[in-house]
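Some notes on the structure that comes next.
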Amino acid sequence: MGRVRIVDPDTERPPETAGLPVFDRVVWAGGVAGQGAPGEGPSGARTLAERVSAGSASGDGPTGEHAPGGGASWEGAAGHGAFVGVLRLPFEMRARSRLRARLVEGGEVALVLPRGTVLRGGALVAGAHGCLRIEAADEDIVTVRAAHPIALARAAYHLGNRHVPVQVLHDALMFGYDAVLVDMLVRMGVRTQRGWAPFEPEAGAYGSADAHGHSAGHGH
């Protein structure tokens, strides 16, 4: 579970989507760790979805450069139809441009998005049937902390050297659980804690469809 695998659409058969409601465009890009607008906390995206469902927007959300991830404004989310439901997905599935998945409320839908799309928690996607909200599911992750910033930087270097997707926090790192990596970090003298939380790794190397995570043994 400690590795992220991005599906390569050139080598893996796309999911069968015939007869399913199709959602094919991103209305709002979402924010890190599933948060909504600044100051609204984790429920911010739900508030936006409720506004979309109501068919109107209050206009008090972020717009333009203030929108997390450079997404559309609250106003831009209106007019995309009724709020259909929520897709709660781990990062591996949110990094797929073609996806068949089941809503939290029940019922299957299909995502058919441009290649390279990575959906963050709180994102809104739309189609002919209305609008969906994306939630980042809790995943089996490890949080890394250190007494000194340089020790944390060393941990980040060694994880990056192994092509491990990492979420960078203010004073910690997060990555998908891998016993080999945990053992390496413990021997380096940093603190590790295993738990369950939404996972939003850095987009850089993983924001395109031809990027692949590699196992811990593939250091360079």
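Letters A, B, ... go to the chains of the structure tokens in the order shown; residues in each chain start at 1; ligands are counted from 1 in the same order.
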At a cut-off of 12 Å, using only C-alpha atoms, what residues contact region 99-110 of chain A? Leave out same-chain residues fewer than 2 positions from it and give the result as number ranges by chain. A: 6-7, 9, 12-25, 83-90, 92-97, 112-115, 117-119, 125-135, 137
From region 144-181 of chain A, collect each residue whose DSSP state is alpha helix (DSSP H) and return the set as a list in words.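 Result set for region 144-181 of chain A (alpha helix (DSSP H)): Pro149, Ile150, Ala151, Leu152, Ala153, Arg154, Ala155, Ala156, Tyr157, His158, Leu159, Gly160, Asn161, Ala179, Val180 and Leu181 of chain A.
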Neighbouring residues of region 192-199 of chain A were defined as those with any atom within 9 Å, considering only C-alpha atoms; residues of the same chain fewer than 5 positions away were excluded. Please report them as a ChimeraX atom specification. /A:32-34,90-91,121,135-146,166-167,174-177,182,185-186
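With distances restricted to only C-alpha atoms, A:Leu173 is the closest residue to Pro149 (chain A) from A:Met184, A:Val26, A:Leu173, A:Val164.
The closest residue to His170 (chain A), picked from A:Ala203, A:Met188, A:Ala153, A:Ala123 and counting only C-alpha atoms, is A:Ala153.
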